$ cat data.cif   # mmCIF, C-alpha atoms
data_input
#
loop_
_atom_site.label_atom_id
_atom_site.label_comp_id
_atom_site.auth_asym_id
_atom_site.auth_seq_id
_atom_site.Cartn_x
_atom_site.Cartn_y
_atom_site.Cartn_z
CA MET A 23 -19.49 12.87 -64.53
CA ASP A 24 -22.91 12.87 -62.89
CA TYR A 25 -22.39 13.06 -59.12
CA TYR A 26 -26.09 12.80 -58.26
CA ASN A 27 -25.66 9.38 -56.59
CA LEU A 28 -23.34 10.88 -53.99
CA LYS A 29 -26.41 12.33 -52.29
CA ASN A 30 -27.24 8.78 -51.30
CA SER A 31 -23.77 7.94 -50.00
CA THR A 32 -21.71 8.64 -46.88
CA ILE A 33 -17.93 8.59 -46.52
CA ILE A 34 -16.84 7.54 -43.01
CA ILE A 35 -13.46 8.86 -41.89
CA PRO A 36 -12.15 7.44 -38.58
CA THR A 37 -9.34 9.53 -37.12
CA TYR A 38 -7.06 9.39 -34.10
CA LYS A 39 -4.18 11.79 -33.38
CA ARG A 40 -3.80 12.70 -37.06
CA TYR A 41 -5.51 16.07 -37.45
CA PRO A 42 -3.02 17.29 -40.10
CA TYR A 43 -4.02 14.32 -42.27
CA LEU A 44 -7.70 14.91 -41.56
CA VAL A 45 -7.34 18.53 -42.68
CA ARG A 46 -5.62 17.40 -45.86
CA LEU A 47 -8.36 14.90 -46.68
CA LEU A 48 -11.26 17.24 -45.92
CA LYS A 49 -9.70 19.98 -48.07
CA PHE A 50 -9.35 17.41 -50.86
CA TYR A 51 -13.07 16.66 -50.78
CA GLU A 52 -13.89 20.35 -50.43
CA SER A 53 -12.03 21.00 -53.68
CA TYR A 54 -14.63 18.98 -55.61
CA LYS A 55 -17.38 21.39 -54.52
CA LEU A 56 -19.87 18.53 -54.29
CA ASN A 57 -22.59 17.53 -51.88
CA ILE A 58 -20.49 14.78 -50.30
CA LYS A 59 -21.80 13.51 -46.98
CA ILE A 60 -18.90 12.89 -44.61
CA LEU A 61 -19.02 11.34 -41.14
CA VAL A 62 -15.86 11.98 -39.09
CA LEU A 63 -15.40 9.59 -36.16
CA ASP A 64 -12.79 11.24 -33.96
CA SER A 65 -11.22 9.69 -30.86
CA THR A 66 -8.28 12.08 -30.62
CA PRO A 67 -7.66 12.92 -26.94
CA ASN A 68 -8.21 16.56 -25.97
CA ASP A 69 -9.40 19.26 -28.33
CA LEU A 70 -6.51 19.97 -30.66
CA LEU A 71 -8.59 21.71 -33.30
CA ASN A 72 -7.04 24.57 -35.20
CA GLU A 73 -8.94 27.29 -37.03
CA GLU A 74 -8.77 25.56 -40.41
CA LEU A 75 -10.02 22.21 -39.12
CA THR A 76 -12.80 23.91 -37.17
CA ARG A 77 -13.96 25.59 -40.39
CA LEU A 78 -13.88 22.32 -42.33
CA LEU A 79 -15.78 20.37 -39.67
CA SER A 80 -18.49 23.03 -39.56
CA ASN A 81 -19.39 22.35 -43.19
CA LYS A 82 -23.10 21.46 -43.47
CA ASN A 83 -22.24 18.18 -45.25
CA ILE A 84 -19.94 17.00 -42.46
CA VAL A 85 -21.01 15.29 -39.24
CA TRP A 86 -18.28 15.26 -36.58
CA LYS A 87 -18.59 12.81 -33.70
CA LYS A 88 -16.18 12.71 -30.77
CA PHE A 89 -15.37 9.52 -28.85
CA ASP A 90 -13.27 8.60 -25.84
CA ALA A 91 -9.61 8.09 -26.68
CA ALA A 92 -9.69 4.53 -25.30
CA ILE A 93 -12.30 3.32 -27.78
CA THR A 94 -11.15 0.65 -30.24
CA PHE A 95 -11.41 1.10 -33.99
CA TRP A 96 -14.19 -1.46 -34.44
CA GLU A 97 -16.16 -0.08 -31.49
CA LYS A 98 -15.90 3.38 -33.00
CA ILE A 99 -17.23 2.18 -36.36
CA SER A 100 -20.04 0.20 -34.74
CA LYS A 101 -21.16 3.32 -32.86
CA GLY A 102 -20.68 5.55 -35.87
CA ILE A 103 -23.05 3.56 -38.07
CA GLU A 104 -25.94 4.94 -36.01
CA PHE A 105 -25.44 8.29 -37.76
CA ILE A 106 -25.57 7.00 -41.35
CA GLU A 107 -28.72 8.14 -43.14
CA THR A 108 -27.82 7.16 -46.70
CA GLU A 109 -28.24 3.92 -48.61
CA TYR A 110 -24.52 3.47 -49.38
CA VAL A 111 -21.39 3.96 -47.32
CA THR A 112 -17.63 3.95 -47.84
CA LEU A 113 -14.90 3.68 -45.20
CA CYS A 114 -11.91 5.94 -45.91
CA ALA A 115 -8.70 6.10 -43.86
CA ASP A 116 -7.68 9.62 -42.90
CA ASP A 117 -4.36 9.23 -44.73
CA ASP A 118 -5.91 7.97 -48.00
CA PHE A 119 -7.91 9.54 -50.81
CA ILE A 120 -10.99 7.83 -52.26
CA ILE A 121 -12.13 9.42 -55.53
CA PRO A 122 -15.75 10.72 -55.52
CA GLY A 123 -16.39 9.77 -59.15
CA ALA A 124 -15.34 6.19 -58.40
CA ILE A 125 -17.87 5.99 -55.56
CA VAL A 126 -20.55 7.05 -58.05
CA GLU A 127 -19.57 4.24 -60.44
CA CYS A 128 -19.60 1.70 -57.61
CA ILE A 129 -23.07 2.76 -56.52
CA LYS A 130 -24.33 2.43 -60.11
CA PHE A 131 -22.94 -1.09 -60.20
CA LEU A 132 -24.40 -2.15 -56.85
CA GLU A 133 -27.81 -0.75 -57.78
CA ILE A 134 -28.18 -3.31 -60.57
CA ASN A 135 -26.21 -6.21 -59.05
CA SER A 136 -27.86 -7.34 -55.85
CA ASP A 137 -25.61 -10.42 -55.51
CA TYR A 138 -22.56 -8.16 -54.95
CA ALA A 139 -21.93 -6.95 -51.40
CA SER A 140 -19.15 -4.54 -52.34
CA ALA A 141 -17.59 -2.65 -55.22
CA HIS A 142 -14.40 -0.66 -55.61
CA GLY A 143 -11.73 -0.06 -58.22
CA LEU A 144 -8.01 0.45 -58.81
CA TYR A 145 -5.79 1.42 -55.88
CA PHE A 146 -2.53 3.34 -56.18
CA ASN A 147 0.23 4.49 -53.86
CA HIS A 148 1.20 8.14 -54.15
CA LEU A 149 4.93 8.53 -53.79
CA ASN A 150 7.08 11.61 -53.41
CA ASP A 151 10.62 12.27 -52.25
CA LYS A 152 11.43 13.97 -48.95
CA ASN A 153 11.90 17.33 -50.62
CA PHE A 154 8.42 17.22 -52.19
CA ARG A 155 9.72 18.09 -55.64
CA ARG A 156 6.86 18.13 -58.09
CA SER A 157 8.84 16.19 -60.69
CA LYS A 158 9.17 13.28 -58.21
CA PHE A 159 5.48 12.92 -57.37
CA ARG A 160 4.05 9.80 -58.99
CA MET A 161 1.56 6.97 -58.52
CA ASN A 162 2.15 3.25 -58.71
CA PRO A 163 -0.47 0.46 -58.67
CA LEU A 164 -0.96 -0.98 -55.19
CA TYR A 165 -2.15 -4.38 -56.46
CA ASN A 166 -0.80 -5.89 -59.65
CA HIS A 167 -2.70 -9.16 -59.81
CA GLY A 168 -5.94 -8.57 -57.90
CA ARG A 169 -9.22 -9.93 -59.19
CA LEU A 170 -12.90 -9.71 -58.37
CA SER A 171 -14.64 -12.29 -56.19
CA ASP A 172 -17.58 -13.81 -58.06
CA GLU A 173 -17.79 -17.29 -56.55
CA LYS A 174 -21.36 -18.46 -56.07
CA THR A 175 -21.31 -19.32 -52.36
CA GLY A 176 -20.16 -17.52 -49.25
CA VAL A 177 -17.88 -20.43 -48.37
CA GLU A 178 -16.14 -20.28 -51.76
CA ARG A 179 -15.65 -16.52 -51.56
CA VAL A 180 -14.28 -16.69 -48.01
CA GLN A 181 -11.89 -19.50 -48.94
CA ALA A 182 -10.67 -17.59 -52.00
CA TYR A 183 -10.03 -14.53 -49.83
CA PHE A 184 -8.08 -16.35 -47.12
CA ASN A 185 -6.10 -18.34 -49.70
CA GLY A 186 -4.95 -15.11 -51.34
CA LYS A 187 -6.74 -15.62 -54.65
CA THR A 188 -8.41 -12.21 -54.69
CA ASP A 189 -5.49 -10.06 -53.46
CA TYR A 190 -7.98 -7.18 -53.21
CA TYR A 191 -10.11 -6.98 -50.08
CA PRO A 192 -13.28 -4.93 -49.49
CA PHE A 193 -12.34 -3.08 -46.31
CA TYR A 194 -12.47 0.32 -48.05
CA ALA A 195 -14.98 -0.64 -50.75
CA VAL A 196 -18.46 0.81 -51.23
CA HIS A 197 -21.13 -1.20 -49.40
CA ARG A 198 -24.85 -0.93 -48.98
CA THR A 199 -25.46 0.57 -45.56
CA SER A 200 -27.54 -2.40 -44.46
CA THR A 201 -24.62 -4.78 -45.16
CA PHE A 202 -22.08 -2.39 -43.65
CA LYS A 203 -24.08 -2.10 -40.41
CA LEU A 204 -24.36 -5.88 -40.13
CA ILE A 205 -20.62 -6.31 -40.71
CA TRP A 206 -19.54 -3.84 -38.04
CA THR A 207 -22.15 -4.79 -35.47
CA GLU A 208 -20.86 -8.36 -35.67
CA THR A 209 -17.20 -7.29 -35.80
CA LYS A 210 -17.63 -5.48 -32.48
CA GLN A 211 -19.02 -8.70 -31.01
CA TYR A 212 -16.37 -11.11 -32.29
CA VAL A 213 -13.15 -9.07 -32.57
CA SER A 214 -11.08 -7.79 -29.65
CA ALA A 215 -7.62 -7.10 -31.14
CA TRP A 216 -6.04 -5.64 -34.26
CA GLY A 217 -4.89 -9.02 -35.57
CA LEU A 218 -8.38 -9.71 -36.92
CA GLY A 219 -9.62 -6.12 -37.01
CA GLU A 220 -9.59 -5.94 -40.81
CA VAL A 221 -9.73 -9.64 -41.68
CA PHE A 222 -12.98 -10.41 -39.87
CA PRO A 223 -15.13 -7.62 -41.40
CA CYS A 224 -13.72 -8.47 -44.84
CA SER A 225 -14.62 -12.13 -44.36
CA LEU A 226 -18.21 -11.15 -43.49
CA SER A 227 -18.40 -8.96 -46.59
CA PHE A 228 -17.33 -11.92 -48.72
CA ALA A 229 -19.77 -14.19 -46.90
CA TYR A 230 -22.72 -11.95 -47.76
CA GLY A 231 -21.90 -11.19 -51.37
CA LYS A 232 -19.50 -10.94 -54.27
CA MET A 233 -16.85 -8.23 -54.66
CA MET A 234 -16.49 -6.20 -57.85
CA ILE A 235 -13.36 -4.39 -59.02
CA LEU A 236 -14.22 -1.71 -61.56
CA GLN A 237 -11.58 -0.34 -63.92
CA VAL A 238 -11.76 3.13 -62.37
CA PHE A 239 -9.31 5.21 -60.35
CA TYR A 240 -10.72 4.36 -56.94
CA ALA A 241 -8.16 5.40 -54.33
CA SER A 242 -4.66 6.65 -53.68
CA ARG A 243 -3.06 5.44 -50.47
CA GLU A 244 -0.22 6.74 -48.35
CA PRO A 245 2.66 4.21 -48.27
CA ASN A 246 3.90 3.37 -44.80
CA ASN A 247 6.19 0.59 -43.63
CA TYR A 248 5.98 1.33 -39.91
CA ASN A 249 5.52 -1.95 -38.00
CA TRP A 250 4.36 -1.80 -34.38
CA ILE A 251 3.91 -5.55 -33.86
CA ASP A 252 6.65 -7.34 -31.93
CA GLU A 253 6.68 -11.01 -30.93
CA LYS A 254 4.83 -10.41 -27.66
CA ILE A 255 2.07 -8.34 -29.24
CA HIS A 256 1.79 -10.86 -32.09
CA THR A 257 1.14 -13.67 -29.61
CA GLU A 258 -1.45 -11.61 -27.74
CA ILE A 259 -3.51 -10.48 -30.73
CA TYR A 260 -3.60 -13.98 -32.21
CA SER A 261 -4.40 -15.87 -29.02
CA GLU A 262 -6.40 -19.11 -29.26
CA GLU A 263 -9.32 -17.44 -27.50
CA ARG A 264 -9.46 -14.59 -30.03
CA ILE A 265 -9.16 -16.92 -33.01
CA GLU A 266 -11.91 -19.19 -31.66
CA ARG A 267 -14.15 -16.21 -31.06
CA ALA A 268 -13.77 -15.15 -34.69
CA VAL A 269 -14.39 -18.72 -35.86
CA ILE A 270 -17.71 -18.78 -34.01
CA GLY A 271 -18.73 -15.44 -35.50
CA LEU A 272 -17.83 -16.24 -39.11
CA GLY A 273 -19.22 -19.77 -38.79
CA LYS A 274 -22.57 -18.42 -37.62
CA HIS A 275 -22.93 -16.24 -40.71
CA LEU A 276 -21.69 -18.84 -43.19
CA SER A 277 -24.29 -21.23 -41.85
CA ILE A 278 -26.97 -18.59 -42.45
CA VAL A 279 -25.81 -17.56 -45.92
CA ASP A 280 -25.12 -21.04 -47.33
CA ASN A 281 -27.68 -22.93 -45.26
CA LEU A 282 -25.05 -25.16 -43.65
CA LEU A 283 -25.01 -27.02 -40.39
CA LEU A 284 -23.33 -24.83 -37.78
CA GLU A 285 -20.60 -27.42 -37.17
CA GLU A 286 -19.81 -27.57 -40.89
CA ALA A 287 -19.71 -23.78 -41.22
CA GLU A 288 -17.44 -23.43 -38.17
CA LEU A 289 -15.06 -26.00 -39.66
CA VAL A 290 -14.76 -23.86 -42.81
CA ALA A 291 -14.18 -20.76 -40.68
CA ARG A 292 -11.59 -22.50 -38.51
CA LYS A 293 -9.59 -23.66 -41.52
CA ALA A 294 -9.77 -20.15 -42.98
CA PHE A 295 -8.41 -18.50 -39.84
CA GLU A 296 -5.74 -21.19 -39.55
CA VAL A 297 -4.52 -20.16 -43.01
CA HIS A 298 -4.48 -16.51 -41.92
CA LEU A 299 -2.62 -17.35 -38.71
CA ASP A 300 -0.01 -19.37 -40.59
CA LYS A 301 0.61 -16.42 -42.91
CA ALA A 302 0.84 -14.00 -39.98
CA ASN A 303 3.25 -16.31 -38.13
CA ASN A 304 5.44 -16.74 -41.20
CA LYS A 305 5.52 -12.99 -41.76
CA GLN A 306 6.53 -12.36 -38.16
CA PHE A 307 9.22 -15.07 -38.31
CA LYS A 308 10.65 -13.77 -41.57
CA LYS A 309 10.69 -10.21 -40.27
CA LYS A 310 12.79 -11.35 -37.30
CA ALA A 311 15.03 -13.80 -39.17
CA ASN A 312 15.66 -11.69 -42.25
CA HIS A 313 16.36 -8.33 -40.63
CA ASN A 314 19.95 -8.22 -41.95
CA ILE A 315 18.84 -9.39 -45.40
CA PHE A 316 16.23 -6.63 -45.40
CA LEU A 317 18.86 -4.00 -44.61
CA LEU A 318 21.07 -5.36 -47.42
CA TRP A 319 18.13 -5.23 -49.85
CA MET A 320 17.44 -1.61 -48.91
CA ARG A 321 21.05 -0.70 -49.67
CA ILE A 322 20.81 -2.43 -53.07
CA LYS A 323 17.57 -0.61 -53.83
CA HIS A 324 19.27 2.67 -52.96
CA LYS A 325 22.02 1.89 -55.45
CA LEU A 326 19.47 1.11 -58.15
CA ARG A 327 17.53 4.33 -57.73
CA ILE A 328 18.71 5.53 -61.12
CA ARG A 329 16.03 3.31 -62.70
CA THR A 330 13.37 4.81 -60.44
CA ARG A 331 14.56 8.29 -61.34
CA MET A 332 14.34 7.54 -65.04
CA ILE A 333 10.78 6.18 -64.69
CA SER A 334 9.80 9.25 -62.67
CA LEU A 335 11.25 11.57 -65.28
CA ILE A 336 9.49 9.79 -68.17
CA ARG A 337 6.17 9.81 -66.34
CA TYR A 338 6.54 13.45 -65.46
CA LEU A 339 7.27 14.38 -69.07
CA ARG A 340 4.50 12.23 -70.58
CA TYR A 341 1.86 12.09 -67.85
CA GLN A 342 2.99 14.69 -65.26
CA GLY A 343 3.44 11.82 -62.78
CA CYS A 344 0.04 10.23 -63.41
CA HIS A 345 0.08 6.47 -64.01
CA PRO A 346 -0.67 5.37 -67.61
CA ASP A 347 -3.51 3.12 -66.38
CA ILE A 348 -5.57 6.16 -65.34
CA TYR A 349 -4.31 8.74 -67.81
CA PRO A 350 -5.95 10.86 -69.22
CA GLU A 351 -9.46 9.91 -67.98
CA TYR A 352 -8.68 10.49 -64.31
CA PHE A 353 -5.96 13.09 -64.72
CA LYS A 354 -7.96 15.80 -62.92
CA ASP A 355 -8.46 13.51 -59.92
CA PHE A 356 -4.76 12.70 -59.93
CA MET A 357 -3.90 16.40 -59.92
CA LYS A 358 -6.21 16.98 -56.94
CA VAL A 359 -4.44 14.23 -54.98
CA LYS A 360 -1.08 15.63 -56.01
CA LYS A 361 -2.00 19.14 -54.92
CA ALA A 362 -3.36 17.87 -51.59
CA VAL A 363 -0.19 15.92 -50.78
CA LEU A 364 2.31 18.53 -51.92
CA THR A 365 0.50 21.42 -50.28
CA ALA A 366 0.17 19.65 -46.92
CA ARG A 367 3.86 18.63 -46.82
CA LEU A 368 3.29 16.07 -44.07
CA SER A 369 6.05 13.83 -42.75
CA PHE A 370 6.01 10.08 -42.16
CA ASP A 371 6.55 10.77 -38.47
CA GLU A 372 3.23 12.61 -38.33
CA LEU A 373 1.60 9.62 -39.99
CA ASN A 374 3.01 7.24 -37.38
CA ILE A 375 1.89 9.16 -34.29
CA ALA A 376 -1.34 7.16 -34.16
CA ARG A 377 0.28 3.90 -35.23
CA ARG A 378 2.39 3.86 -32.08
CA ASP A 379 -0.76 3.51 -30.02
CA GLN A 380 -2.70 0.79 -31.79
CA LYS A 381 -5.75 0.78 -29.52
CA ASN A 382 -7.45 2.77 -32.24
#

$ encode --input "data.cif" --output "structure tokens"
Amino acid sequence: MDYYNLKNSTIIIPTYKRYPYLVRLLKFYESYKLNIKILVLDSTPNDLLNEELTRLLSNKNIVWKKFDAAITFWEKISKGIEFIETEYVTLCADDDFIIPGAIVECIKFLEINSDYASAHGLYFNHLNDKNFRRSKFRMNPLYNHGRLSDEKTGVERVQAYFNGKTDYYPFYAVHRTSTFKLIWTETKQYVSAWGLGEVFPCSLSFAYGKMMILQVFYASREPNNYNWIDEKIHTEIYSEERIERAVIGLGKHLSIVDNLLLEEAELVARKAFEVHLDKANNKQFKKKANHNIFLLWMRIKHKLRIRTRMISLIRYLRYQGCHPDIYPEYFKDFMKVKKAVLTARLSFDELNIARRDQKN
């Protein structure tokens, strides 16, 4: 693997109250011994740095920027883009792992495909039991039916995204820095709550170009089912005012990209966000109505764990826990993720510290 293209790429890692996860991720990238440019956007209150994190942040390839704890996620990204000096950029959550070699492949693709705004690859969940036994560590595909977005117009790509035809979304994909800066500058202007905090920037990415999914091991994500949204918060983050604000923002850019009348573009945007709101409302209703059914399903799943154990054992014997879709080509990357997770031994409670305060 030729990692030369990484010199022209930056990985942005936003973090808030999750220093143990930040340490884990930075050590993961350090293990590659590559010239990876990393921009850490940190809004953790107080200075809770330990000796190990201080050492990692002092690396010459890492830029560490501190922000006020009250800053929102999208404000933090919009301020952070001022420090990007490379042509390509990738957003990476502090509890995920994006594979350096996959970033290289995405950059190669974007260099010769100007009509694509983003590129990424295959996502997996890394799973392990509470005792962190090596034989239980495994990866499962995060998306089973995702596809690229290659529709010709911005309107078509946005509609496909909101209607669930892509499944994948480009929030953590590789973007050209120019596109990334436009997306987050506009997101800061038109988003004011988490309900649209990921949806709006993704819709702008689709508006400005196609999305490619390469058949490479792109990322491994930390599974987490913690839900902080109750009925009151749901109503607040999806208020009519906030939805209309997003409609105006997306409509403005669709009119530019597809050369539409502003009224026509806003109509497309309004219908798109109505679809999203309907899905969010249905999800919230089902969560409330089906609580007992959910508990019953969890008990049934617990009873059926023998199947999961058999799959884990077979994968451990044949692939050492690596998924067949990425074995053996990306086995070394898998082992680096595995080592990072098992060595850190972090709990789900540590992961949820930041999720309980969703300002960030």

$ residues_around --input "data.cif" --residues "A:Asp116" --least-positions-apart "5" --cutoff "10 Å" --atoms "only C-alpha atoms" --output "VMD selection string"
chain A and resid 34 to 38 40 to 48 62 243 to 244 373

$ resolve_selection --input "data.cif" --expression "the PyMOL selection byres ((chain A and resi 104) around 12)" --output "ChimeraX atom specification"
/A:34,61,63,85,87,97-103,105-108,199-200,202-204,206-207

$ closest_residue --input "data.cif" --among "A:Met357, A:Tyr194, A:Thr209, A:Lys187" --to "A:Ile120" --atoms "only C-alpha atoms"
A:Tyr194

$ closest_residue --input "data.cif" --among "A:Lys210, A:Lys232, A:Lys88, A:Lys59" --to "A:Tyr138" --atoms "all atoms listed in the file"
A:Lys232

$ atom_distance --input "data.cif" --atom1 "atom CA of A:Tyr190" --atom2 "atom CA of A:Leu144"
9.5 Å

$ resolve_selection --input "data.cif" --expression "the PyMOL selection byres ((chain A and resi 162) around 9)" --output "list in words"
Tyr145, Phe146, Asn147, His148, Leu149, Arg160, Met161, Pro163, Leu164, Cys344 and His345 of chain A

$ atom_distance --input "data.cif" --atom1 "atom CA of A:Tyr25" --atom2 "atom CA of A:Asn83"
14.8 Å

$ resolve_selection --input "data.cif" --expression "the PyMOL selection byres ((chain A and resi 139) around 8)" --output "list in words"
Leu132, Ser136, Asp137, Tyr138, Ser140, Ala141, His197, Arg198, Thr201, Ser227, Phe228, Tyr230, Gly231, Lys232 and Met233 of chain A

$ closest_residue --input "data.cif" --among "A:Asn57, A:Asn304, A:Ser171, A:Thr32" --to "A:Thr188" --atoms "all atoms listed in the file"
A:Ser171

$ closest_residue --input "data.cif" --among "A:Leu284, A:Ile336, A:Leu276, A:Ile125" --to "A:Leu236" --atoms "only C-alpha atoms"
A:Ile125

$ residues_near_point --input "data.cif" --point "(-9.2, 3.1, -57.9)" --cutoff "9 Å" --atoms "all atoms listed in the file" --output "number ranges by chain"
A: 120-121, 124, 142-146, 235-242, 348

$ atom_distance --input "data.cif" --atom1 "atom CA of A:Asn185" --atom2 "atom CA of A:Cys128"
25.4 Å

$ residues_around --input "data.cif" --residues "A:Tyr260" --least-positions-apart "6" --cutoff "8 Å" --atoms "only C-alpha atoms" --output "compact mmCIF listing (two decimals) with C-alpha atoms, in the frame of the given file"
# COMPACT_ATOMS: atom_id res chain seq x y z
CA GLY A 217 -4.89 -9.02 -35.57
CA LEU A 218 -8.38 -9.71 -36.92
CA LEU A 299 -2.62 -17.35 -38.71

$ closest_residue --input "data.cif" --among "A:Leu283, A:Val269, A:Met332, A:Ile205" --to "A:Phe295" --atoms "only C-alpha atoms"
A:Val269

$ residues_around --input "data.cif" --residues "A:Ser53" --least-positions-apart "3" --cutoff "8 Å" --atoms "only C-alpha atoms" --output "ChimeraX atom specification"
/A:49-50,358

$ write_last_selection --input "data.cif" --atoms "C-alpha atoms" --output "PDB file, in the frame of the given file"
ATOM      1  CA  LYS A  49      -9.700  19.980 -48.070  1.00  0.00           C
ATOM      2  CA  PHE A  50      -9.350  17.410 -50.860  1.00  0.00           C
ATOM      3  CA  LYS A 358      -6.210  16.980 -56.940  1.00  0.00           C
TER       4      LYS A 358
END

$ closest_residue --input "data.cif" --among "A:Asp64, A:Glu266, A:Glu288, A:Glu253" --to "A:Ala302" --atoms "only C-alpha atoms"
A:Glu253

$ residues_around --input "data.cif" --residues "A:His298" --least-positions-apart "5" --cutoff "12 Å" --atoms "all atoms listed in the file" --output "compact mmCIF listing (two decimals) with C-alpha atoms, in the frame of the given file"
# COMPACT_ATOMS: atom_id res chain seq x y z
CA VAL A 180 -14.28 -16.69 -48.01
CA GLN A 181 -11.89 -19.50 -48.94
CA ALA A 182 -10.67 -17.59 -52.00
CA TYR A 183 -10.03 -14.53 -49.83
CA PHE A 184 -8.08 -16.35 -47.12
CA ASN A 185 -6.10 -18.34 -49.70
CA GLY A 186 -4.95 -15.11 -51.34
CA GLY A 217 -4.89 -9.02 -35.57
CA LEU A 218 -8.38 -9.71 -36.92
CA GLU A 220 -9.59 -5.94 -40.81
CA VAL A 221 -9.73 -9.64 -41.68
CA PHE A 222 -12.98 -10.41 -39.87
CA SER A 225 -14.62 -12.13 -44.36
CA TYR A 260 -3.60 -13.98 -32.21
CA ILE A 265 -9.16 -16.92 -33.01
CA ALA A 268 -13.77 -15.15 -34.69
CA VAL A 269 -14.39 -18.72 -35.86
CA ALA A 291 -14.18 -20.76 -40.68
CA ARG A 292 -11.59 -22.50 -38.51
CA LYS A 293 -9.59 -23.66 -41.52
CA ASN A 303 3.25 -16.31 -38.13
CA ASN A 304 5.44 -16.74 -41.20
CA LYS A 305 5.52 -12.99 -41.76

$ axis_aligned_box --input "data.cif" --around "stretch 130-147 of chain A" --padding-each-side "6 Å" --output "AutoDock Vina command-line options"
--center_x -14.0 --center_y -3.0 --center_z -56.0 --size_x 40.4 --size_y 26.9 --size_z 21.2
